[in-house]
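Comments concern the structure below.
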Amino acid sequence: MSNSLDSYLVLSGLLFAIGSFGFLARRNAISMLMSIELMLNAVNLAIVAFGSFIEPLKANASVIAIIVMAVAAGEATVGLAIVIAIYRNRRTPLVDEYNAMRQ
Amino acid sequence: MAIGLAIAGGPPGLILVLNILGFPGVRWDDVAFVLFAEIMLVSGLLVVTMRDIIRCGLAMIVCFGALAGIYVVVGAPLVAGAQVLVYIGAISVLILFAIMLTQDKAAPARLVFQTQAVPAAIAAIVLAFVITLTVTATDWGAVGTRIRNATDDVARALFSTYVLPFEVVGVLLLAAVIGGVFLARHDEGGPP
């Protein structure tokens, strides 16, 4: 089971689906950011699994996965800073109460 | 009684226990894969369904740790180390700090889901089904057996072929740090 590419890809797809559910369904902005992190991790798992099973992609996949991690760190930094800045103005972390553009 | 000793390395004690319990020929990496996969999926579900957001953050740390274990099983130890350092060490702490900065005791914590939660769940289940179907129906071509990524190969690729993306990521992280400090800075004289 641990020696077939399909099992890793199915696992990655399940984790991605969990993350997409969390992003669509949660009200808290930080929960949505955590769901985005789950989705990024799922994609990373797929990349690493391809690199580990297909010979020409061997070292490239690890490099791409590490670069994705660095970009995810930058995304988390800026996203959480934006959430904190909005919280300072609106006093709520719930995204369905951010309706200033609608009024 | 056939005690299957099809051992390809790994802890022989665990294999012996599994063989005696009636699972002959169980490989240790299958056991590790199933264990880590279950931990990862269950804690991922807890991240998106629990009410207390602090516990969601702690479950996310467990999920990332199990994913690091899966990276070890698949044969990418450098990525596993980077996962522990970056996700468990840095991003989780950042998210926990942000949770503690924005947690509001007075706000009603009853409703953690949007009103669109049920369609979102259906969409996620359909997405998982479609991905599983696509993955199992696709012929991936020249799929070999699992190979272990040596760290020096990764380092050689990172600093020769991928040296431009490496530098660009460095500049991107600098920009993200400056932007994060600028956005989260407390304005003097503005609205409180």
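Ordering of the structure tokens sets the chain letters (A, B, ...); residue numbers start at 1 within each chain; ligands are numbered from 1 in the order shown.
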
If you count only C-alpha atoms, which residues fall within 12 Å of Ala90 in chain B, apart from same-chain ones fewer than 5 positions away, as number ranges by chain?
-> A: 69-70, 72-74, 76-77; B: 61, 64, 82-85, 95-97

If we count only C-alpha atoms, which residues of chain B reach to within 6 Å of chain A? Please list them as a compact mmCIF listing (two decimals) with C-alpha atoms, in the first residue's frame.
# COMPACT_ATOMS: atom_id res chain seq x y z
CA ASP B 30 2.62 -0.03 5.22
CA PHE B 33 1.66 4.82 6.18
CA VAL B 48 -12.46 22.09 10.02
CA VAL B 112 -18.91 28.41 13.60
CA PHE B 113 -20.29 27.53 10.18
CA GLN B 114 -21.74 29.68 7.45
CA ALA B 117 -22.10 24.70 5.20
CA ALA B 120 -20.02 23.16 0.98
CA ALA B 121 -19.91 19.68 2.51
CA ALA B 124 -16.23 18.79 -0.84
CA ALA B 128 -12.97 14.07 -3.08
CA ILE B 131 -10.22 13.31 -7.42
CA THR B 132 -10.19 9.68 -6.25
CA VAL B 143 5.84 4.90 -12.47
CA GLY B 144 8.70 3.06 -10.85
CA THR B 145 9.05 1.85 -7.34
CA ARG B 146 9.58 4.23 -4.49
CA ILE B 147 13.00 5.85 -4.46
CA ASP B 153 20.86 15.63 -4.86
CA VAL B 154 18.19 18.02 -3.63
CA LEU B 158 18.38 23.74 -5.47
CA LEU B 173 9.95 36.43 2.06
CA ALA B 176 6.21 39.44 3.11
CA GLY B 180 3.24 41.95 7.52
CA LEU B 183 -0.13 45.88 7.94
CA ALA B 184 -0.23 44.77 11.56

Just give me the gap between CA of Val169 in chain B and CA of Leu58 in chain B in Å, one decimal is fine.
->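 Distance reported for this atom pair: 28.1 Å.
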
Backbone DSSP call of helix (DSSP H, G or I) for chain A, listed as an NGL selection string = :A and (5-25 or 29-53 or 55-90 or 95-97)

Find the distance between CA of Val93 in chain B and CA of His186 in chain B and write it in Å to one decimal.
-> 20.9 Å

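When only C-alpha atoms are used to compute distances to Val74 in chain B, the closest of the residues B:Val42, B:Ile122, B:Ala37, B:Val177 turns out to be B:Ala37.
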
Gap from CA of Ala68 in chain B to CA of Leu46 in chain B - Å, one decimal =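 CA of Leu46 in chain B lies at a distance of 18.1 Å from CA of Ala68 in chain B.
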